[in-house]
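*Asks:* Can you read through this structure? Questions will come right after.
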Amino acid sequence: MTRGAIVKITAVTGYPVKVGHRNQFVVVVETDAGISGVGEGGISGRELAMQAMTAHFERFLVGEDPHRIEHLWQTMYRGAYFEGGKIVAATISAIDIALWDILGKALGVPVYQLLGGACRHHVECFATPGVLNGPQCVERARVLADEGWRFMRFVPGMPESSWSGESGEIFEPFEAIEAAVHWLGEIRRALGPSVELSIDFHHRLSVAEAALFCQRVAPLHLHYVEEPIRAESPEAYRQLRGMTGMPFAIGEEFSSKWAFAPFIEGGLLNYARIDVSNVGGLTESKKVAGWCETHYIDVMPHNPLGPVTTAATIQLAAALPNFAQLEYQHRIAEAYPEDLFPVMPVLDGAVYPLPTAPGLGVEFNPAAVADHAFEPWEAPHWQRRDGSYTNW
């Protein structure tokens, strides 16, 4: 490539692929310099919508300079007049991540060097041992603690005898709260105070139910409660905040800095669950993280997707002064196929070492897509015993 020559985007291609029990959406951005970048969009179950949006963006991205990352972000976000939306933001996220990958490769440095350089020697992770619905969760936690995991996040469950309903899985908040308090107590007794415990309610509770859980579990000194209620209403979180001093982890569904704004400014979250593949990519993540820093809020990235998102999030985490821990899910990460992702981050115990390769440090092989063909997948539809819908 001639010094000073303007590089141009030649193609932007989306790939919905089946990985493990659901799909992932990977984007490849190609340039006339022979450098390509890879990104990932995060709205699971809506891969075809992201693919259609990618095709729309490609029409005006081809011919643009891939190094103008902020400019292209603004063009994609604001170019349709009707700004934003979760599908738009997830697609922008994938393309934005790929553009940072291209820039890192062009300059011969890991992406975290472009984000300000390393703030730490490695990226610490938290584990997700499983569901709080039986003695097996205690044993799983004990195994992970013996392997060196200091941070663990669990998900609530139902007593095993009452899990399935006639037309789907049953979730009753008060039964789940009772089971969660009980099994978290058993885990605390088994592991002692040296392991930080937390729980993700996946926004399944009401304000009153969440307050009850926080009051009942207070003696166990949890690290945080994640997404206890739905996040459309900052006022509802403000009410809940007035009823408990429990730290909250919020934000995995947020698709812009503006969605984070009332929660940051209102002191409603303690850990920002930024998802680089939902919020608008590395460009938007860095802005949200800086805003969090001014309010003494730590970033705890959401990361239940593929190795591209993991690689991008490691780069972000390395460069943030207010990073806490990165989500790691063993059952998901262990299902990543090597033919599709011949290079991907490798965990070292409970941490990721700082990347050394130029760009993101992950590779995607489009030739293997046919062997991992997209299959329609819908998130589970849960109900209560009276047949009414409840959140998964």
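Simple scheme: letters A, B, ... for chains in structure tokens order, numbers from 1 for residues in each chain, numbers from 1 for ligands in the order shown.
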Do a neighbour search on Thr356 in chain A at 10 Å with only C-alpha atoms, toss out local chain neighbours closer than 4 positions, and write the hits as JSON, numbers by chain.

*Replies:* {"A": [108, 109, 110, 111, 112, 360, 361]}

*Asks:* Please produce an output containing all heavy atoms for each residue in the selection, written as a PDB file, in the first residue's frame.

*Replies:*
```pdb
ATOM      1  N   GLY A 108      -0.547  -2.260  12.532  1.00  0.00           N
ATOM      2  CA  GLY A 108       0.286  -3.306  13.118  1.00  0.00           C
ATOM      3  C   GLY A 108       0.249  -3.371  14.625  1.00  0.00           C
ATOM      4  O   GLY A 108       1.217  -3.811  15.253  1.00  0.00           O
ATOM      5  N   VAL A 109      -0.904  -2.977  15.245  1.00  0.00           N
ATOM      6  CA  VAL A 109      -0.996  -2.984  16.711  1.00  0.00           C
ATOM      7  C   VAL A 109      -2.329  -3.582  17.145  1.00  0.00           C
ATOM      8  O   VAL A 109      -3.320  -3.523  16.413  1.00  0.00           O
ATOM      9  CB  VAL A 109      -0.869  -1.559  17.295  1.00  0.00           C
ATOM     10  CG1 VAL A 109       0.505  -0.974  16.995  1.00  0.00           C
ATOM     11  CG2 VAL A 109      -1.975  -0.647  16.777  1.00  0.00           C
ATOM     12  N   PRO A 110      -2.383  -4.136  18.354  1.00  0.00           N
ATOM     13  CA  PRO A 110      -3.686  -4.553  18.895  1.00  0.00           C
ATOM     14  C   PRO A 110      -4.595  -3.339  19.052  1.00  0.00           C
ATOM     15  O   PRO A 110      -4.126  -2.218  19.287  1.00  0.00           O
ATOM     16  CB  PRO A 110      -3.331  -5.152  20.263  1.00  0.00           C
ATOM     17  CG  PRO A 110      -1.868  -5.458  20.196  1.00  0.00           C
ATOM     18  CD  PRO A 110      -1.266  -4.441  19.276  1.00  0.00           C
ATOM     19  N   VAL A 111      -5.894  -3.571  18.970  1.00  0.00           N
ATOM     20  CA  VAL A 111      -6.843  -2.462  19.015  1.00  0.00           C
ATOM     21  C   VAL A 111      -6.755  -1.689  20.324  1.00  0.00           C
ATOM     22  O   VAL A 111      -6.944  -0.467  20.348  1.00  0.00           O
ATOM     23  CB  VAL A 111      -8.280  -2.990  18.774  1.00  0.00           C
ATOM     24  CG1 VAL A 111      -9.326  -1.946  19.127  1.00  0.00           C
ATOM     25  CG2 VAL A 111      -8.434  -3.427  17.313  1.00  0.00           C
ATOM     26  N   TYR A 112      -6.447  -2.364  21.442  1.00  0.00           N
ATOM     27  CA  TYR A 112      -6.409  -1.628  22.710  1.00  0.00           C
ATOM     28  C   TYR A 112      -5.364  -0.520  22.699  1.00  0.00           C
ATOM     29  O   TYR A 112      -5.509   0.485  23.406  1.00  0.00           O
ATOM     30  CB  TYR A 112      -6.210  -2.579  23.904  1.00  0.00           C
ATOM     31  CG  TYR A 112      -4.830  -3.155  24.064  1.00  0.00           C
ATOM     32  CD1 TYR A 112      -3.799  -2.430  24.660  1.00  0.00           C
ATOM     33  CD2 TYR A 112      -4.542  -4.456  23.651  1.00  0.00           C
ATOM     34  CE1 TYR A 112      -2.535  -2.978  24.834  1.00  0.00           C
ATOM     35  CE2 TYR A 112      -3.293  -5.007  23.808  1.00  0.00           C
ATOM     36  CZ  TYR A 112      -2.287  -4.265  24.400  1.00  0.00           C
ATOM     37  OH  TYR A 112      -1.024  -4.802  24.556  1.00  0.00           O
ATOM     38  N   LEU A 360      -8.010  -7.197  16.236  1.00  0.00           N
ATOM     39  CA  LEU A 360      -8.755  -7.753  17.358  1.00  0.00           C
ATOM     40  C   LEU A 360      -8.125  -9.013  17.943  1.00  0.00           C
ATOM     41  O   LEU A 360      -8.368  -9.360  19.094  1.00  0.00           O
ATOM     42  CB  LEU A 360     -10.186  -8.089  16.915  1.00  0.00           C
ATOM     43  CG  LEU A 360     -11.113  -6.928  16.556  1.00  0.00           C
ATOM     44  CD1 LEU A 360     -12.451  -7.476  16.076  1.00  0.00           C
ATOM     45  CD2 LEU A 360     -11.319  -5.991  17.737  1.00  0.00           C
ATOM     46  N   GLY A 361      -7.396  -9.761  17.120  1.00  0.00           N
ATOM     47  CA  GLY A 361      -6.863 -11.027  17.590  1.00  0.00           C
ATOM     48  C   GLY A 361      -7.839 -12.174  17.415  1.00  0.00           C
ATOM     49  O   GLY A 361      -7.818 -13.141  18.189  1.00  0.00           O
TER      50      GLY A 361
END
```

*Asks:* Using only C-alpha atoms, which residues sit within 7 Å of Gly41 in chain A once same-chain residues fewer than 4 positions away are excluded, as a PyMOL selection string?

*Replies:* chain A and resi 25-26+90-91+93-94+277-278

*Asks:* The selected residues should be written to file as an mmCIF file, in the first residue's frame (atoms: N, CA, C and O atoms).

*Replies:*
```cif
data_model
loop_
_atom_site.group_PDB
_atom_site.id
_atom_site.type_symbol
_atom_site.label_atom_id
_atom_site.label_comp_id
_atom_site.auth_asym_id
_atom_site.auth_seq_id
_atom_site.Cartn_x
_atom_site.Cartn_y
_atom_site.Cartn_z
ATOM 1 N N PHE A 25 -24.173 -13.583 14.495
ATOM 2 C CA PHE A 25 -24.172 -12.758 13.298
ATOM 3 C C PHE A 25 -22.814 -12.076 13.167
ATOM 4 O O PHE A 25 -22.457 -11.229 13.978
ATOM 5 N N VAL A 26 -22.060 -12.495 12.160
ATOM 6 C CA VAL A 26 -20.699 -11.993 11.942
ATOM 7 C C VAL A 26 -20.691 -11.126 10.685
ATOM 8 O O VAL A 26 -21.330 -11.460 9.684
ATOM 9 N N ALA A 90 -27.143 -2.687 16.695
ATOM 10 C CA ALA A 90 -26.399 -3.949 16.665
ATOM 11 C C ALA A 90 -25.630 -4.102 15.357
ATOM 12 O O ALA A 90 -24.487 -4.596 15.346
ATOM 13 N N THR A 91 -26.229 -3.668 14.252
ATOM 14 C CA THR A 91 -25.550 -3.747 12.966
ATOM 15 C C THR A 91 -24.387 -2.765 12.907
ATOM 16 O O THR A 91 -23.295 -3.107 12.428
ATOM 17 N N SER A 93 -22.771 -1.824 15.442
ATOM 18 C CA SER A 93 -21.768 -2.414 16.332
ATOM 19 C C SER A 93 -20.847 -3.356 15.570
ATOM 20 O O SER A 93 -19.612 -3.290 15.698
ATOM 21 N N ALA A 94 -21.452 -4.252 14.783
ATOM 22 C CA ALA A 94 -20.660 -5.231 14.038
ATOM 23 C C ALA A 94 -19.723 -4.547 13.056
ATOM 24 O O ALA A 94 -18.532 -4.900 12.950
ATOM 25 N N SER A 277 -21.464 -5.335 21.161
ATOM 26 C CA SER A 277 -22.177 -5.751 19.960
ATOM 27 C C SER A 277 -23.625 -5.284 19.940
ATOM 28 O O SER A 277 -24.350 -5.572 18.991
ATOM 29 N N ASN A 278 -24.047 -4.582 20.975
ATOM 30 C CA ASN A 278 -25.395 -4.012 21.030
ATOM 31 C C ASN A 278 -25.398 -2.494 21.093
ATOM 32 O O ASN A 278 -26.271 -1.844 20.530
#
```

*Asks:* Wanna dump the range 270-372 of chain A-range 251-261 of chain A contacts at 7 Å for me, each residue with its shortest atom pair and the distance in Å to one decimal, counting only C-alpha atoms, ordered by chain and number, as a Markdown table?

*Replies:*
```
| residue | atom | partner | partner_atom | distance |
| --- | --- | --- | --- | --- |
| A:Ala272 | CA | A:Gly251 | CA | 5.8 |
| A:Arg273 | CA | A:Gly251 | CA | 4.6 |
| A:Ile274 | CA | A:Glu252 | CA | 5.5 |
| A:Asp275 | CA | A:Glu252 | CA | 5.5 |
| A:Asn278 | CA | A:Ser255 | CA | 5.5 |
| A:Val279 | CA | A:Ser255 | CA | 3.9 |
| A:Gly280 | CA | A:Ser256 | CA | 6.3 |
| A:Glu284 | CA | A:Lys257 | CA | 6.8 |
| A:Val288 | CA | A:Lys257 | CA | 5.7 |
| A:His302 | CA | A:Glu252 | CA | 5.8 |
```

*Asks:* Between A:Glu64, A:Ala145, A:Ala350, A:Asn133, which is the closest to His182 in chain A once you count only C-alpha atoms?

*Replies:*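 Checking each candidate against His182 in chain A, we get A:Asn133 as the closest.
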
*Asks:* Identify, on the basis of only C-alpha atoms, every residue whose closest approach to Tyr328 in chain A does not exceed 10 Å; exclude the query and any residue fewer than 4 positions from it along the same chain; express the result as an MDAnalysis selection string.

*Replies:* chainID A and resid 124:129 152:153 301:305 310 332:333 347 350:351

*Asks:* Using CA of Arg46 in chain A and CA of Thr13 in chain A as the two end points, give the distance in Å to one decimal.

*Replies:*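 Answer for the CA of Arg46 in chain A to CA of Thr13 in chain A separation: 16.2 Å.
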